[in-house]
Amino acid sequence: MALLELKDVHTYYGAVHALRGVSLKVEEGEIVTLIGSNGAGKTTTLRTISGLQRARSGSITLNGKSIETAPAHEIVRLGIGHSPEGRRVFTRMSVRENLEMGAFLRKPGPEVQADFKKIFDLFPRLKEREFQAAGTMSGGEQQMLAIGRALMGQPKVLLLDEPSMGLAPILVEQIFDIIKEINTRGTAVLLVEQNAMMALGIANRGYILQIGEVTLEDDCKKLASNPKVKEAYLGV
Amino acid sequence: MATATGTVRTERVRGQFFLPAVITGFLALMLGLLGFEQFLNAMTLGAIYALIALGYTMVYGIIELINFAHGDVFMVATFVSIAVSTTLLGQTGAVLDIPTLIISLIVLFTVTIVVMALVGALIERLAYRPLRNAPKLAPLITAIGVSFILQNIIQFFVGPYITNVPQLFSTQWAFTIGESRVPLLNLFVIGSALFLMVVLQLFISRTKTGRAMRTTAMDRDASSLMGVDINRTIMITFLIGSGLAGAAGVIHGLYYGNTTFTLGFQSGLKAFTAAVLGGIGNTAGAALGGFLIAFVEVGAAAFGFGRWGGAIVFSLLVVFLIFRPTGLLGSSTGDRA
């Protein structure tokens, strides 16, 4: 049984049919990437998983338990962490308060304190900025905060929406190293990216999304050498 | 890095002392300008405006709705407080000794606040929640509708008259400071309003629910991704905002001694102006705005322009909307960097 599984999920924005039957799965310990051009439905897929958007039909299961009708705040509790598109950190709160919000559903205690340490280990930059307002940080730092904040909820699956967006290449490398590190520490990752080259470089499996449908799924190595993928997404 | 944190810290310290200094200066100036008794009047009026303004600003902060029914929630509260005090003490509401007064006040405030909090939450549940994802104009028009409904309910059951409110405080109870007379009632009004504002600030800044309210105001989606129950948080905001209007209603009754079903319109508009002057969405700003407006009104009256009070206050609103639409304490930058 897959850790997270979507079967034939349809999502609408008003009259717009955004997801036209998306099926995908994420197994324990995997990094899975979702690749597609603008408007393909990548962000919608993540928003549907975390309950910000409702699926009109289809099923979403986490550990076999169906979550497609649960409200967003319950889905967090069940083990899905979501670092949303555009980072969406709480700009007028400090880095520390943002991370505390990430642990909103957890009882404060030594375990949460230990997680603070882990996050600061992973992102030393955030430690330096601990009491600074999140809105005053650079894009890369805010991205780190958004990921750290999602991790504070101890997710079983981490949904990452465009973590490389708007970042300098050197920072992108850094963020991707950290994603790998998070994964080796035991969190499964579903990674949405425009930077297909980088995403295929670290993920185990990948799905290609086109106009709301999965058109291709395979091992990342095979995807990276597929001529169609190369032409459309890798710019070769 | 040490220097960077250093500057952040000093800025924070400067911010901490700047505002209290300005406020103290302003109060001292007003005291000198108006004299003690008018100063006390302005503070009392300001306390009422501030309590109502808090409800406007909290609701706006969290769902970006100008809750036009909020002034009428305050108006209903004055009638609820009449019902409570007549049940408690009979028609005259005469209280002769301090212990009875204290107990009556506690019951009066508690019951009115709880009733109004529930009324506010009910309004949210029935009128605004179904429109949560509708265009912004829809809940705004609904709020005007709710305002009329509340006015008509009171007019239907109580009548269109000016109704007297039992006076719990004897006018005999007063202190004398120098040559000025300080009624106990004024001190009580100012003290209880400030107490409620401090409790509110602590609640918002220190508790988990308060923090959820702040993050929901900043970014609703991101907040629910943290596990915040958005509907519950919005309902709590209405509970608190309406409860404060309840307290303002009790205070208004005690201080002015009468009320009528149209009371909410004028007071609501002024409190709304206070919320805008302070920076809509900002609770400390709403409290400041409330006192500022009261000083403008009382000041106008003290210098012989009493009838112009409203005109001056609303002109101030226009001036602010043109030159500083974010208000006194509103941030000049957007939410997203």
# chains A, B, ... in the order shown; residues from 1 in each chain; ligands from 1

$ interface_residues --of "chain B" --to "chain A" --cutoff "6 Å" --atoms "only C-alpha atoms" --output "list in words"
Ser224, Met226, Gly227, Val228, Asp229 and Ala337 of chain B

$ residues_around --residues "segment 167-176 of chain A" --least-positions-apart "4" --cutoff "9 Å" --atoms "only C-alpha atoms" --output "ChimeraX atom specification"
/A:139-140,143-144,163,180-181,198-199,202

$ atom_distance --atom1 "atom CA of Asn152 of chain B" --atom2 "atom CA of Gly289 of chain B"
29.6 Å

$ residues_around --residues "Ser242 of chain B" --least-positions-apart "2" --cutoff "9 Å" --atoms "only C-alpha atoms" --output "ChimeraX atom specification"
/B:52,55,70,73-74,113-114,116-121,237-240,244-247

$ residues_around --residues "Gly299 of chain B" --least-positions-apart "5" --cutoff "10 Å" --atoms "only C-alpha atoms" --output "number ranges by chain"
B: 30, 33-34, 38-39, 42, 293-294, 304-306, 309

$ decode --residues "segment 30-41 of chain B" --atoms "N, CA and C atoms" --output "PDB file, in the first residue's frame"
ATOM      1  N   MET B  30      -3.568  67.460  25.793  1.00  0.00           N
ATOM      2  CA  MET B  30      -5.028  67.540  25.875  1.00  0.00           C
ATOM      3  C   MET B  30      -5.475  67.966  27.271  1.00  0.00           C
ATOM      4  N   LEU B  31      -4.784  67.417  28.264  1.00  0.00           N
ATOM      5  CA  LEU B  31      -5.107  67.763  29.657  1.00  0.00           C
ATOM      6  C   LEU B  31      -4.939  69.260  29.858  1.00  0.00           C
ATOM      7  N   GLY B  32      -3.842  69.797  29.328  1.00  0.00           N
ATOM      8  CA  GLY B  32      -3.595  71.225  29.462  1.00  0.00           C
ATOM      9  C   GLY B  32      -4.617  72.056  28.703  1.00  0.00           C
ATOM     10  N   LEU B  33      -4.976  71.566  27.528  1.00  0.00           N
ATOM     11  CA  LEU B  33      -5.847  72.313  26.630  1.00  0.00           C
ATOM     12  C   LEU B  33      -7.307  72.307  27.101  1.00  0.00           C
ATOM     13  N   LEU B  34      -7.749  71.136  27.556  1.00  0.00           N
ATOM     14  CA  LEU B  34      -9.181  70.964  27.847  1.00  0.00           C
ATOM     15  C   LEU B  34      -9.535  71.167  29.313  1.00  0.00           C
ATOM     16  N   GLY B  35      -8.560  71.036  30.180  1.00  0.00           N
ATOM     17  CA  GLY B  35      -8.876  71.064  31.613  1.00  0.00           C
ATOM     18  C   GLY B  35      -9.285  69.669  32.053  1.00  0.00           C
ATOM     19  N   PHE B  36      -9.236  69.446  33.356  1.00  0.00           N
ATOM     20  CA  PHE B  36      -9.368  68.077  33.854  1.00  0.00           C
ATOM     21  C   PHE B  36     -10.722  67.433  33.563  1.00  0.00           C
ATOM     22  N   GLU B  37     -11.797  68.196  33.753  1.00  0.00           N
ATOM     23  CA  GLU B  37     -13.112  67.565  33.637  1.00  0.00           C
ATOM     24  C   GLU B  37     -13.439  67.166  32.203  1.00  0.00           C
ATOM     25  N   GLN B  38     -13.095  68.035  31.262  1.00  0.00           N
ATOM     26  CA  GLN B  38     -13.318  67.695  29.855  1.00  0.00           C
ATOM     27  C   GLN B  38     -12.402  66.540  29.431  1.00  0.00           C
ATOM     28  N   PHE B  39     -11.216  66.553  29.986  1.00  0.00           N
ATOM     29  CA  PHE B  39     -10.268  65.468  29.702  1.00  0.00           C
ATOM     30  C   PHE B  39     -10.876  64.133  30.112  1.00  0.00           C
ATOM     31  N   LEU B  40     -11.489  64.139  31.289  1.00  0.00           N
ATOM     32  CA  LEU B  40     -12.104  62.923  31.816  1.00  0.00           C
ATOM     33  C   LEU B  40     -13.280  62.488  30.928  1.00  0.00           C
ATOM     34  N   ASN B  41     -14.067  63.475  30.489  1.00  0.00           N
ATOM     35  CA  ASN B  41     -15.173  63.177  29.579  1.00  0.00           C
ATOM     36  C   ASN B  41     -14.668  62.519  28.303  1.00  0.00           C
TER      37      ASN B  41
END
